[in-house]
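> Below you'll find protein_3.tsv; it's TSV, C-alpha atoms and all ligand atoms.
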```tsv
chain	number	residue	atom	x	y	z
T	1	MET	CA	31.89	-8.22	-21.90
T	2	ALA	CA	29.92	-5.12	-20.88
T	3	ARG	CA	27.69	-6.35	-18.09
T	4	TYR	CA	26.36	-3.96	-15.47
T	5	VAL	CA	25.38	-4.09	-11.82
T	6	ASP	CA	25.45	-1.53	-9.01
T	7	ALA	CA	25.32	-2.86	-5.45
T	8	LEU	CA	24.61	0.62	-4.09
T	9	THR	CA	21.46	0.93	-6.22
T	10	SER	CA	19.90	-2.53	-6.04
T	11	ALA	CA	20.42	-5.54	-3.80
T	12	THR	CA	19.43	-7.90	-6.61
T	13	LEU	CA	19.86	-8.01	-10.38
T	14	LYS	CA	16.25	-6.99	-10.90
T	15	ASN	CA	15.60	-4.12	-13.32
T	16	LEU	CA	19.22	-4.20	-14.48
T	17	ARG	CA	18.71	-6.90	-17.08
T	18	GLU	CA	18.96	-4.51	-20.05
T	19	GLN	CA	22.53	-3.75	-19.10
T	20	TRP	CA	23.88	-7.29	-18.80
T	21	TRP	CA	21.86	-9.39	-21.30
T	22	ASP	CA	24.28	-9.36	-24.25
T	23	SER	CA	24.75	-11.41	-27.43
T	24	GLU	CA	27.02	-13.91	-25.67
T	25	PHE	CA	24.33	-14.64	-23.11
T	26	SER	CA	21.67	-14.95	-25.85
T	27	GLY	CA	23.97	-17.39	-27.69
T	28	PHE	CA	24.34	-19.47	-24.53
T	29	LEU	CA	20.53	-19.62	-24.10
T	30	GLN	CA	20.05	-20.77	-27.67
T	31	GLU	CA	22.76	-23.43	-27.45
T	32	THR	CA	21.38	-24.72	-24.17
T	33	LEU	CA	17.70	-24.78	-25.13
T	34	ARG	CA	18.51	-26.20	-28.59
T	35	PRO	CA	15.26	-25.11	-30.28
T	36	ARG	CA	14.33	-27.55	-33.07
T	37	PRO	CA	11.43	-27.43	-35.53
T	38	GLY	CA	8.23	-28.34	-33.74
T	39	ASN	CA	9.69	-27.92	-30.23
T	40	ARG	CA	7.71	-26.35	-27.41
T	41	ILE	CA	9.74	-24.11	-25.10
T	42	LEU	CA	8.53	-22.35	-21.95
T	43	ASP	CA	10.07	-19.23	-20.34
T	44	VAL	CA	8.95	-18.74	-16.74
T	45	GLY	CA	9.05	-15.14	-15.46
T	46	CYS	CA	9.57	-13.79	-18.98
T	47	GLY	CA	9.49	-10.08	-18.05
T	48	HIS	CA	9.34	-7.97	-21.21
T	49	GLY	CA	10.18	-10.99	-23.35
T	50	THR	CA	13.90	-10.46	-23.99
T	51	ALA	CA	14.51	-14.21	-24.37
T	52	GLU	CA	11.52	-14.64	-26.68
T	53	MET	CA	12.81	-11.92	-29.02
T	54	GLY	CA	16.19	-13.70	-29.22
T	55	LEU	CA	14.63	-17.12	-29.81
T	56	GLY	CA	12.08	-15.69	-32.26
T	57	ARG	CA	14.89	-14.20	-34.36
T	58	LEU	CA	16.13	-17.74	-35.08
T	59	ARG	CA	12.97	-18.33	-37.17
T	60	VAL	CA	12.92	-22.05	-36.33
T	61	SER	CA	9.95	-23.50	-38.18
T	62	GLN	CA	6.97	-24.55	-36.06
T	63	LEU	CA	8.81	-23.56	-32.86
T	64	ALA	CA	6.15	-22.91	-30.20
T	65	LEU	CA	7.36	-20.30	-27.71
T	66	PHE	CA	5.39	-20.09	-24.47
T	67	ALA	CA	6.08	-17.59	-21.70
T	68	ILE	CA	4.44	-16.68	-18.39
T	69	ASP	CA	4.95	-13.94	-15.82
T	70	ARG	CA	2.94	-13.03	-12.74
T	71	ASN	CA	3.17	-9.36	-13.74
T	72	LEU	CA	0.43	-8.83	-16.33
T	73	GLU	CA	1.83	-5.49	-17.51
T	74	ARG	CA	5.06	-7.21	-18.48
T	75	VAL	CA	3.12	-9.98	-20.21
T	76	ALA	CA	1.31	-7.31	-22.24
T	77	GLN	CA	4.62	-5.61	-23.09
T	78	ALA	CA	6.13	-8.94	-24.22
T	79	ALA	CA	3.04	-9.55	-26.37
T	80	ALA	CA	3.32	-6.11	-27.98
T	81	GLU	CA	7.03	-6.61	-28.60
T	82	GLY	CA	6.34	-10.03	-30.16
T	83	ARG	CA	3.65	-8.55	-32.41
T	84	SER	CA	5.99	-5.79	-33.56
T	85	HIS	CA	8.43	-8.48	-34.77
T	86	ASN	CA	5.66	-10.68	-36.12
T	87	TYR	CA	6.66	-13.55	-33.78
T	88	ARG	CA	4.08	-16.10	-32.76
T	89	LEU	CA	4.22	-16.20	-28.94
T	90	HIS	CA	1.88	-17.80	-26.40
T	91	LEU	CA	1.83	-15.63	-23.29
T	92	ALA	CA	-0.02	-15.94	-20.01
T	93	GLY	CA	-0.17	-14.34	-16.59
T	94	ALA	CA	0.68	-17.07	-14.07
T	95	ASP	CA	2.78	-17.91	-11.03
T	96	VAL	CA	5.80	-20.17	-11.35
T	97	THR	CA	4.53	-22.31	-8.46
T	98	HIS	CA	1.24	-23.04	-10.32
T	99	LEU	CA	2.00	-23.34	-14.01
T	100	PRO	CA	-1.13	-23.59	-16.18
T	101	PHE	CA	0.21	-26.45	-18.32
T	102	THR	CA	-0.11	-30.21	-18.30
T	103	THR	CA	2.67	-32.52	-17.18
T	104	GLY	CA	5.46	-33.09	-19.71
T	105	ALA	CA	4.12	-30.40	-22.06
T	106	PHE	CA	7.49	-28.86	-23.02
T	107	ASP	CA	10.73	-29.94	-24.65
T	108	ALA	CA	12.62	-27.31	-22.65
T	109	THR	CA	11.81	-24.90	-19.83
T	110	PHE	CA	13.86	-22.06	-18.43
T	111	CYS	CA	13.91	-19.03	-16.17
T	112	VAL	CA	16.33	-16.10	-15.90
T	113	ALA	CA	16.69	-14.04	-12.71
T	114	VAL	CA	13.31	-15.24	-11.40
T	115	LEU	CA	13.99	-17.73	-8.57
T	116	GLN	CA	15.80	-14.91	-6.70
T	117	HIS	CA	12.32	-13.34	-6.26
T	118	VAL	CA	10.43	-16.55	-5.36
T	119	HIS	CA	9.56	-17.53	-1.76
T	120	ASP	CA	9.18	-21.27	-2.46
T	121	VAL	CA	12.13	-22.10	-4.74
T	122	PRO	CA	11.81	-25.93	-4.50
T	123	GLY	CA	8.07	-25.58	-5.28
T	124	ALA	CA	8.90	-23.49	-8.35
T	125	VAL	CA	11.57	-25.95	-9.54
T	126	ARG	CA	9.16	-28.88	-9.07
T	127	GLU	CA	6.73	-27.09	-11.37
T	128	LEU	CA	9.47	-26.55	-13.98
T	129	ALA	CA	10.23	-30.29	-13.73
T	130	ARG	CA	6.58	-31.28	-13.94
T	131	VAL	CA	5.88	-29.45	-17.20
T	132	THR	CA	9.11	-30.63	-18.89
T	133	ARG	CA	9.03	-33.94	-20.77
T	134	THR	CA	11.36	-36.75	-19.73
T	135	GLY	CA	14.79	-36.06	-21.20
T	136	GLY	CA	13.92	-32.39	-21.76
T	137	ARG	CA	16.18	-29.54	-20.73
T	138	VAL	CA	15.61	-27.31	-17.72
T	139	LEU	CA	17.70	-24.16	-17.34
T	140	ALA	CA	17.75	-21.72	-14.42
T	141	VAL	CA	20.00	-18.66	-14.50
T	142	GLU	CA	20.22	-17.04	-11.08
T	143	PRO	CA	22.67	-14.77	-9.24
T	144	ASP	CA	24.36	-14.98	-5.88
T	145	ASN	CA	23.36	-11.55	-4.60
T	146	ALA	CA	24.92	-12.28	-1.22
T	147	ALA	CA	28.47	-12.61	-2.58
T	148	ARG	CA	29.32	-9.44	-4.45
T	149	TYR	CA	32.91	-8.43	-5.11
T	150	TRP	CA	33.58	-4.78	-4.34
T	151	TYR	CA	36.70	-2.60	-4.57
T	152	SER	CA	37.01	1.15	-4.22
T	153	SER	CA	40.15	3.28	-4.12
T	154	SER	CA	38.37	5.38	-1.44
T	155	PRO	CA	38.09	3.94	2.09
T	156	LEU	CA	34.64	5.54	2.18
T	157	GLY	CA	33.68	3.23	-0.69
T	158	ALA	CA	34.18	0.17	1.51
T	159	GLN	CA	32.11	1.84	4.24
T	160	ALA	CA	29.33	2.75	1.77
T	161	PHE	CA	29.22	-0.81	0.43
T	162	ALA	CA	29.04	-2.31	3.95
T	163	GLU	CA	26.31	0.13	5.00
T	164	ALA	CA	24.34	-0.40	1.77
T	165	SER	CA	24.47	-4.19	2.25
T	166	ARG	CA	23.26	-3.88	5.86
T	167	PHE	CA	20.54	-1.38	4.94
T	168	PHE	CA	19.10	-3.33	1.97
T	169	SER	CA	19.21	-6.51	4.06
T	170	ALA	CA	17.33	-4.78	6.94
T	171	VAL	CA	14.74	-3.49	4.44
T	172	ARG	CA	14.20	-7.07	3.22
T	173	THR	CA	13.76	-8.26	6.80
T	174	VAL	CA	11.21	-5.62	7.85
T	175	ARG	CA	9.27	-6.24	4.64
T	176	GLY	CA	9.11	-9.95	5.56
T	177	ASP	CA	10.90	-10.82	2.34
T	178	SER	CA	11.90	-14.49	2.65
T	179	THR	CA	13.41	-14.86	-0.82
T	180	GLU	CA	16.90	-16.36	-1.13
T	181	PRO	CA	19.52	-13.81	-2.24
T	182	ALA	CA	22.14	-16.57	-2.66
T	183	VAL	CA	19.97	-18.94	-4.69
T	184	GLY	CA	22.29	-19.10	-7.76
T	185	PRO	CA	24.81	-21.70	-6.59
T	186	ARG	CA	22.08	-23.72	-4.79
T	187	VAL	CA	20.02	-24.43	-7.91
T	188	SER	CA	21.96	-27.57	-8.87
T	189	ALA	CA	21.22	-29.24	-5.50
T	190	ILE	CA	17.56	-28.17	-5.70
T	191	PHE	CA	17.32	-29.63	-9.23
T	192	ALA	CA	18.58	-32.99	-7.92
T	193	THR	CA	15.75	-33.19	-5.36
T	194	CYS	CA	13.06	-32.30	-7.90
T	195	GLY	CA	13.51	-34.91	-10.64
T	196	ILE	CA	16.05	-32.93	-12.66
T	197	GLN	CA	19.53	-34.37	-13.21
T	198	PRO	CA	22.04	-31.47	-13.00
T	199	VAL	CA	24.23	-31.47	-16.13
T	200	SER	CA	26.38	-28.33	-15.90
T	201	VAL	CA	26.77	-24.97	-14.21
T	202	GLN	CA	28.21	-22.08	-16.21
T	203	LEU	CA	29.15	-18.78	-14.60
T	204	PHE	CA	28.50	-15.39	-16.14
T	205	PRO	CA	30.17	-12.39	-14.49
T	206	VAL	CA	28.06	-9.25	-14.21
T	207	SER	CA	30.46	-6.40	-13.54
T	208	VAL	CA	31.12	-2.69	-13.78
T	209	THR	CA	34.24	-0.56	-13.38
T	210	HIS	CA	34.38	3.20	-12.84
T	211	ILE	CA	37.74	4.75	-13.62
T	212	GLY	CA	37.79	8.45	-12.84
T	213	ARG	CA	34.97	10.46	-11.31
T	214	PRO	CA	31.60	8.67	-11.82
T	215	PRO	CA	28.78	10.70	-13.45
T	216	ALA	CA	26.31	12.65	-11.30
T	217	THR	CA	23.49	10.37	-12.51
T	218	LEU	CA	25.08	7.39	-10.75
T	219	TRP	CA	25.14	9.20	-7.40
T	220	GLN	CA	21.55	10.35	-7.93
T	221	ALA	CA	20.43	6.78	-8.69
T	222	ARG	CA	22.18	5.54	-5.54
T	223	GLN	CA	20.50	8.19	-3.40
T	224	GLN	CA	17.08	7.63	-4.98
T	225	ALA	CA	17.30	3.88	-4.30
T	226	VAL	CA	17.61	4.63	-0.57
T	227	ASP	CA	14.92	7.36	-0.60
T	228	CYS	CA	12.60	4.96	-2.40
T	229	ALA	CA	13.24	2.13	0.10
T	230	LEU	CA	12.72	4.51	3.03
T	231	ARG	CA	9.33	5.65	1.72
T	232	ASP	CA	7.43	2.61	3.06
T	233	ILE	CA	9.65	1.76	6.06
T	234	ALA	CA	8.42	2.74	9.54
T	235	ASP	CA	10.97	0.82	11.67
T	236	PRO	CA	13.05	3.60	13.35
T	237	SER	CA	16.31	1.61	13.45
T	238	VAL	CA	16.12	0.87	9.71
T	239	VAL	CA	15.28	4.53	8.97
T	240	THR	CA	18.35	5.57	11.01
T	241	GLN	CA	20.48	3.04	9.10
T	242	GLY	CA	19.22	4.49	5.81
T	243	ARG	CA	19.94	8.08	6.83
T	244	ASP	CA	23.42	7.19	8.14
T	245	TYR	CA	24.10	5.41	4.87
T	246	LEU	CA	22.95	8.46	2.85
T	247	ARG	CA	25.45	10.61	4.76
T	248	THR	CA	28.25	8.13	4.05
T	249	LEU	CA	27.19	8.10	0.39
T	250	ALA	CA	27.45	11.90	0.20
T	251	ARG	CA	30.95	11.81	1.74
T	252	TYR	CA	31.92	9.01	-0.63
T	253	GLU	CA	30.79	11.12	-3.62
T	254	ASP	CA	32.88	14.08	-2.36
T	255	ASP	CA	35.89	11.80	-1.92
T	256	ALA	CA	35.47	10.36	-5.43
T	257	SER	CA	35.19	13.88	-6.90
T	258	ALA	CA	38.33	15.00	-5.06
T	259	ALA	CA	40.25	11.96	-6.34
T	260	GLY	CA	39.20	12.78	-9.93
T	261	ALA	CA	41.11	10.67	-12.44
T	262	ASN	CA	42.65	8.61	-9.62
T	263	PHE	CA	39.30	7.22	-8.53
T	264	VAL	CA	38.58	3.53	-9.21
T	265	GLU	CA	35.53	1.41	-8.27
T	266	ILE	CA	35.09	-2.23	-9.33
T	267	GLN	CA	32.08	-4.47	-8.69
T	268	ASN	CA	31.16	-7.99	-9.71
T	269	THR	CA	28.30	-10.44	-9.15
T	270	MET	CA	28.11	-13.96	-10.55
T	271	LEU	CA	25.18	-15.41	-12.46
T	272	PHE	CA	24.97	-19.21	-12.21
T	273	ALA	CA	23.43	-20.85	-15.29
T	274	THR	CA	22.41	-24.34	-14.16
T	275	VAL	CA	21.44	-26.80	-16.89
T	276	GLY	CA	19.55	-29.97	-16.04
T	277	GLN	CA	17.74	-32.86	-17.69
T	278	ARG	CA	14.33	-34.12	-16.63
T	279	THR	CA	14.53	-37.65	-15.34
T	280	ASP	CA	11.74	-40.21	-15.31
T	281	ALA	CA	10.46	-39.94	-11.74
T	282	MET	CA	9.28	-36.69	-10.24
T	283	VAL	CA	7.34	-35.24	-7.36
T	284	ASP	CA	3.96	-33.68	-8.12
T	285	THR	CA	3.93	-30.09	-6.87
T	286	HIS	CA	0.39	-30.05	-5.61
T	287	ASP	CA	0.06	-33.30	-3.64
T	288	ALA	CA	3.75	-34.25	-3.21
T	289	ARG	CA	3.14	-37.79	-4.56
T	290	VAL	CA	5.85	-39.40	-6.65
T	291	ILE	CA	4.21	-39.98	-10.02
T	292	SER	CA	5.35	-41.68	-13.20
T	293	GLN	CA	6.09	-39.58	-16.25
T	294	ARG	CA	4.88	-42.44	-18.45
T	295	SER	CA	1.31	-42.00	-17.22
T	296	ALA	CA	1.28	-38.25	-17.79
T	297	ALA	CA	-0.63	-36.53	-20.58
T	298	THR	CA	1.51	-34.56	-22.99
T	299	SER	CA	-1.00	-32.19	-24.53
T	300	LEU	CA	-1.02	-28.52	-23.61
T	301	THR	CA	-3.89	-26.97	-21.72
T	302	VAL	CA	-4.42	-23.68	-19.98
T	303	SER	CA	-6.46	-23.69	-16.80
T	304	SER	CA	-9.66	-21.69	-16.93
T	305	THR	CA	-8.46	-19.58	-13.98
T	306	ASP	CA	-5.33	-18.51	-15.81
T	307	ARG	CA	-7.14	-18.04	-19.07
T	308	ARG	CA	-9.37	-15.58	-17.25
T	309	ARG	CA	-6.32	-13.66	-15.97
T	310	SER	CA	-4.55	-13.37	-19.31
T	311	PHE	CA	-3.62	-15.58	-22.21
T	312	GLN	CA	-2.70	-13.96	-25.45
T	313	GLY	CA	-0.92	-14.98	-28.61
T	314	ALA	CA	1.18	-12.18	-30.04
T	315	ARG	CA	0.15	-12.16	-33.65
I	401	LIG	C1	14.43	-9.75	-12.99
I	401	LIG	S1	12.95	-10.03	-13.90
I	401	LIG	C2	13.59	-11.13	-15.16
I	401	LIG	C3	12.73	-11.13	-16.39
I	401	LIG	C4	13.27	-11.98	-17.54
I	401	LIG	N1	13.40	-13.37	-17.15
I	401	LIG	C5	14.58	-11.42	-18.01
I	401	LIG	O1	15.62	-11.90	-17.54
I	401	LIG	O2	14.56	-10.49	-18.80
I	401	LIG	C6	12.05	-11.17	-12.87
I	401	LIG	C7	10.69	-11.50	-13.44
I	401	LIG	O3	10.16	-12.59	-12.71
I	401	LIG	C8	8.78	-12.34	-12.51
I	401	LIG	N2	8.39	-13.13	-11.34
I	401	LIG	C9	8.80	-12.99	-10.07
I	401	LIG	N3	8.22	-13.90	-9.29
I	401	LIG	C10	7.41	-14.65	-10.07
I	401	LIG	C11	6.52	-15.74	-9.84
I	401	LIG	N4	6.37	-16.24	-8.61
I	401	LIG	N5	5.85	-16.27	-10.88
I	401	LIG	C12	5.99	-15.74	-12.13
I	401	LIG	N6	6.81	-14.70	-12.41
I	401	LIG	C13	7.52	-14.15	-11.40
I	401	LIG	C14	8.69	-10.85	-12.30
I	401	LIG	O4	7.38	-10.35	-12.53
I	401	LIG	C15	9.71	-10.35	-13.31
I	401	LIG	O5	9.12	-10.09	-14.58
```
Show how you would write the structure in this file as structure tokens.


Amino acid sequence: MARYVDALTSATLKNLREQWWDSEFSGFLQETLRPRPGNRILDVGCGHGTAEMGLGRLRVSQLALFAIDRNLERVAQAAAEGRSHNYRLHLAGADVTHLPFTTGAFDATFCVAVLQHVHDVPGAVRELARVTRTGGRVLAVEPDNAARYWYSSSPLGAQAFAEASRFFSAVRTVRGDSTEPAVGPRVSAIFATCGIQPVSVQLFPVSVTHIGRPPATLWQARQQAVDCALRDIADPSVVTQGRDYLRTLARYEDDASAAGANFVEIQNTMLFATVGQRTDAMVDTHDARVISQRSAATSLTVSSTDRRRSFQGAR
């Protein structure tokens, strides 16, 4: 399985999706979400709409695919992509913690690599639970960015990895980033507190191996990731950490070049695909009252606020 991640370029799986979303993963999504004629399915944090293209290809009759993302450019890209395939999508700009849909509106809801970027993960999961009908599926696929496997035949590789981890972590701290890098394995427990019965957790390895001297583009990408992070950092100790790490990176590249065909680097991160089922009782996101699913409306609406921001069908 050709999945890709580089710990020296990014501390999370963000922006690397194209390299690890393969046909096996698409198959898993389809089996888990079980789209049936007439179903309504919601993707939260849809990005460019990769999941929607896979689900659209199934051509399930009357399947209503909804997707939201807080990034309106990505919503527009997903809409354009949907149009180019003649898929009927319902897209909106919205935040996962305030979904513009009525309670119990969907047969299945899911998110992929989104909760790792969210500051209030329980709040987001409560919203997923709220908009899913009783008995409906909820799926969250999230990594454990804090537990990456790393091996390098060069001792400088271990040093580079340690310094990169410290540097990216310090950057997160000075930026006030309170997201949870290790959210993946915690999702099941969060589900259980939000009215979602955890059903299964499946692991997907995201890995890369370099045998022999890695290409120059990899070293450039690693260096640019640090330069880019340093651009908006003023904290002198973090700047020093970044510069020290860049020097180690340069020595690591020299060492890898000298080793030539004998060089080996192996990395792995786990994605945790947590499947759950909406139970009857749930907690309302906005006022924290326990409410009954039986009293909830099941029709779909879009709030006027979110309609103003963006709501477009791709057809
Ligand atoms: C790593 S991308 C994953 C995109 C898509 N799920 C995929 O796997 O191809 C994370 C996406 O989550 C979106 N996102 C992050 N925080 C969000 C939030 N609070 N509400 C809605 N979308 C969010 C980002 O804009 C981005 O498009």

> Hey, can you check how far atom CA of Glu142 of chain T sits from atom CA of Gln277 of chain T?

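Going from atom CA of Glu142 of chain T over to atom CA of Gln277 of chain T covers 17.3 Å.
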
> Once you count all atoms listed in the file, what closest atom pair and distance in Å to one decimal does each residue of chain T within 9 Å of ligand LIG 401 (chain I) have, with rows by chain and rising residue number, as JSON lines?


```
{"residue": "T:Thr12", "atom": "CA", "partner": "I:LIG401", "partner_atom": "C1", "distance": 8.3}
{"residue": "T:Leu13", "atom": "CA", "partner": "I:LIG401", "partner_atom": "C1", "distance": 6.3}
{"residue": "T:Lys14", "atom": "CA", "partner": "I:LIG401", "partner_atom": "C1", "distance": 3.9}
{"residue": "T:Asn15", "atom": "CA", "partner": "I:LIG401", "partner_atom": "C1", "distance": 5.8}
{"residue": "T:Leu16", "atom": "CA", "partner": "I:LIG401", "partner_atom": "C1", "distance": 7.5}
{"residue": "T:Arg17", "atom": "CA", "partner": "I:LIG401", "partner_atom": "O2", "distance": 5.8}
{"residue": "T:Glu18", "atom": "CA", "partner": "I:LIG401", "partner_atom": "O2", "distance": 7.5}
{"residue": "T:Trp21", "atom": "CA", "partner": "I:LIG401", "partner_atom": "O1", "distance": 7.7}
{"residue": "T:Asp43", "atom": "CA", "partner": "I:LIG401", "partner_atom": "N1", "distance": 7.5}
{"residue": "T:Val44", "atom": "CA", "partner": "I:LIG401", "partner_atom": "C12", "distance": 6.2}
{"residue": "T:Gly45", "atom": "CA", "partner": "I:LIG401", "partner_atom": "N6", "distance": 3.8}
{"residue": "T:Cys46", "atom": "CA", "partner": "I:LIG401", "partner_atom": "N1", "distance": 4.3}
{"residue": "T:Gly47", "atom": "CA", "partner": "I:LIG401", "partner_atom": "O5", "distance": 3.5}
{"residue": "T:His48", "atom": "CA", "partner": "I:LIG401", "partner_atom": "O2", "distance": 6.3}
{"residue": "T:Gly49", "atom": "CA", "partner": "I:LIG401", "partner_atom": "O2", "distance": 6.3}
{"residue": "T:Thr50", "atom": "CA", "partner": "I:LIG401", "partner_atom": "O2", "distance": 5.2}
{"residue": "T:Ala51", "atom": "CA", "partner": "I:LIG401", "partner_atom": "O2", "distance": 6.7}
{"residue": "T:Ile68", "atom": "CA", "partner": "I:LIG401", "partner_atom": "C12", "distance": 6.5}
{"residue": "T:Asp69", "atom": "CA", "partner": "I:LIG401", "partner_atom": "N6", "distance": 4.0}
{"residue": "T:Arg70", "atom": "CA", "partner": "I:LIG401", "partner_atom": "C12", "distance": 4.1}
{"residue": "T:Asn71", "atom": "CA", "partner": "I:LIG401", "partner_atom": "O4", "distance": 4.5}
{"residue": "T:Leu72", "atom": "CA", "partner": "I:LIG401", "partner_atom": "O4", "distance": 8.1}
{"residue": "T:Glu73", "atom": "CA", "partner": "I:LIG401", "partner_atom": "O4", "distance": 8.9}
{"residue": "T:Arg74", "atom": "CA", "partner": "I:LIG401", "partner_atom": "O5", "distance": 6.3}
{"residue": "T:Val75", "atom": "CA", "partner": "I:LIG401", "partner_atom": "O5", "distance": 8.2}
{"residue": "T:Gly93", "atom": "CA", "partner": "I:LIG401", "partner_atom": "C12", "distance": 7.7}
{"residue": "T:Ala94", "atom": "CA", "partner": "I:LIG401", "partner_atom": "C12", "distance": 5.8}
{"residue": "T:Asp95", "atom": "CA", "partner": "I:LIG401", "partner_atom": "N5", "distance": 3.5}
{"residue": "T:Val96", "atom": "CA", "partner": "I:LIG401", "partner_atom": "N5", "distance": 3.9}
{"residue": "T:Thr97", "atom": "CA", "partner": "I:LIG401", "partner_atom": "N4", "distance": 6.3}
{"residue": "T:His98", "atom": "CA", "partner": "I:LIG401", "partner_atom": "N5", "distance": 8.2}
{"residue": "T:Leu99", "atom": "CA", "partner": "I:LIG401", "partner_atom": "N5", "distance": 8.6}
{"residue": "T:Phe110", "atom": "CA", "partner": "I:LIG401", "partner_atom": "N1", "distance": 8.8}
{"residue": "T:Cys111", "atom": "CA", "partner": "I:LIG401", "partner_atom": "N1", "distance": 5.8}
{"residue": "T:Val112", "atom": "CA", "partner": "I:LIG401", "partner_atom": "N1", "distance": 4.2}
{"residue": "T:Ala113", "atom": "CA", "partner": "I:LIG401", "partner_atom": "C1", "distance": 4.9}
{"residue": "T:Val114", "atom": "CA", "partner": "I:LIG401", "partner_atom": "O3", "distance": 4.3}
{"residue": "T:Leu115", "atom": "CA", "partner": "I:LIG401", "partner_atom": "N3", "distance": 7.0}
{"residue": "T:Gln116", "atom": "CA", "partner": "I:LIG401", "partner_atom": "C9", "distance": 8.0}
{"residue": "T:His117", "atom": "CA", "partner": "I:LIG401", "partner_atom": "N3", "distance": 5.1}
{"residue": "T:Val118", "atom": "CA", "partner": "I:LIG401", "partner_atom": "N4", "distance": 5.2}
{"residue": "T:His119", "atom": "CA", "partner": "I:LIG401", "partner_atom": "N4", "distance": 7.7}
{"residue": "T:Asp120", "atom": "CA", "partner": "I:LIG401", "partner_atom": "N4", "distance": 8.4}
{"residue": "T:Ala124", "atom": "CA", "partner": "I:LIG401", "partner_atom": "N4", "distance": 7.7}
{"residue": "T:Val141", "atom": "CA", "partner": "I:LIG401", "partner_atom": "O1", "distance": 8.6}
```

> Between T:Arg148, T:Arg251, T:Arg137, T:Arg130, single out the one closest to Thr102 of chain T, counting all atoms listed in the file.

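With all atoms listed in the file as the atom set, the closest residue is T:Arg130.
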
> Kindly give the distance, in Å, that separates atom CA of Arg59 of chain T and atom CA of Ala92 of chain T, rounded to a single decimal.

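The value is 21.7 Å.
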
> Looking at T:Val125, T:Val238, T:Leu246, T:Ala192, which one is nearest to Arg222 of chain T, with distances taken over only C-alpha atoms?

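So, comparing all the options, the nearest one is T:Leu246.
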
> Report, in Å with one decimal, the straight-line distance from atom CA of Ala250 of chain T to atom CA of Gln223 of chain T.

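Atom CA of Ala250 of chain T sits 8.7 Å away from atom CA of Gln223 of chain T.
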
> Residues within 10 Å of Phe263 of chain T, please, as a PyMOL selection string. Count only C-alpha atoms; anything in the same chain fewer than 6 positions from it doesn't count.

chain T and resi 152-154+210-214+255-257

> Please build the interface table for segment 117-223 of chain T against segment 265-275 of chain T with a cut-off of 7 Å, listing for each qualifying residue the nearest atom pair and the distance in Å to one decimal; count only C-alpha atoms, order rows by chain and increasing number, and write it as a tab-separated table.


```
residue	atom	partner	partner_atom	distance
T:Val138	CA	T:Val275	CA	5.9
T:Leu139	CA	T:Val275	CA	4.6
T:Ala140	CA	T:Thr274	CA	5.4
T:Val141	CA	T:Ala273	CA	4.1
T:Glu142	CA	T:Phe272	CA	5.3
T:Pro143	CA	T:Leu271	CA	4.1
T:Asp144	CA	T:Met270	CA	6.1
T:Asn145	CA	T:Thr269	CA	6.8
T:Ala147	CA	T:Thr269	CA	6.9
T:Arg148	CA	T:Thr269	CA	4.9
T:Tyr149	CA	T:Asn268	CA	4.9
T:Trp150	CA	T:Gln267	CA	4.6
T:Tyr151	CA	T:Ile266	CA	5.0
T:Ser152	CA	T:Glu265	CA	4.3
T:Ser153	CA	T:Glu265	CA	6.5
T:Gly184	CA	T:Phe272	CA	5.2
T:Pro185	CA	T:Phe272	CA	6.1
T:Val187	CA	T:Thr274	CA	6.7
T:Ser188	CA	T:Thr274	CA	6.2
T:Pro198	CA	T:Val275	CA	6.1
T:Val199	CA	T:Val275	CA	5.5
T:Ser200	CA	T:Val275	CA	5.3
T:Val201	CA	T:Thr274	CA	4.4
T:Gln202	CA	T:Ala273	CA	5.0
T:Leu203	CA	T:Phe272	CA	4.8
T:Phe204	CA	T:Leu271	CA	5.0
T:Pro205	CA	T:Met270	CA	4.7
T:Val206	CA	T:Thr269	CA	5.2
T:Ser207	CA	T:Asn268	CA	4.2
T:Val208	CA	T:Gln267	CA	5.5
T:Thr209	CA	T:Ile266	CA	4.5
T:His210	CA	T:Glu265	CA	5.0
T:Ile211	CA	T:Glu265	CA	6.7
```

> Could those selected residues go to a file with C-alpha atoms, as a tab-separated table (two decimals), in the coordinates of the input?


```
chain	number	residue	atom	x	y	z
T	138	VAL	CA	15.61	-27.31	-17.72
T	139	LEU	CA	17.70	-24.16	-17.34
T	140	ALA	CA	17.75	-21.72	-14.42
T	141	VAL	CA	20.00	-18.66	-14.50
T	142	GLU	CA	20.22	-17.04	-11.08
T	143	PRO	CA	22.67	-14.77	-9.24
T	144	ASP	CA	24.36	-14.98	-5.88
T	145	ASN	CA	23.36	-11.55	-4.60
T	147	ALA	CA	28.47	-12.61	-2.58
T	148	ARG	CA	29.32	-9.44	-4.45
T	149	TYR	CA	32.91	-8.43	-5.11
T	150	TRP	CA	33.58	-4.78	-4.34
T	151	TYR	CA	36.70	-2.60	-4.57
T	152	SER	CA	37.01	1.15	-4.22
T	153	SER	CA	40.15	3.28	-4.12
T	184	GLY	CA	22.29	-19.10	-7.76
T	185	PRO	CA	24.81	-21.70	-6.59
T	187	VAL	CA	20.02	-24.43	-7.91
T	188	SER	CA	21.96	-27.57	-8.87
T	198	PRO	CA	22.04	-31.47	-13.00
T	199	VAL	CA	24.23	-31.47	-16.13
T	200	SER	CA	26.38	-28.33	-15.90
T	201	VAL	CA	26.77	-24.97	-14.21
T	202	GLN	CA	28.21	-22.08	-16.21
T	203	LEU	CA	29.15	-18.78	-14.60
T	204	PHE	CA	28.50	-15.39	-16.14
T	205	PRO	CA	30.17	-12.39	-14.49
T	206	VAL	CA	28.06	-9.25	-14.21
T	207	SER	CA	30.46	-6.40	-13.54
T	208	VAL	CA	31.12	-2.69	-13.78
T	209	THR	CA	34.24	-0.56	-13.38
T	210	HIS	CA	34.38	3.20	-12.84
T	211	ILE	CA	37.74	4.75	-13.62
```
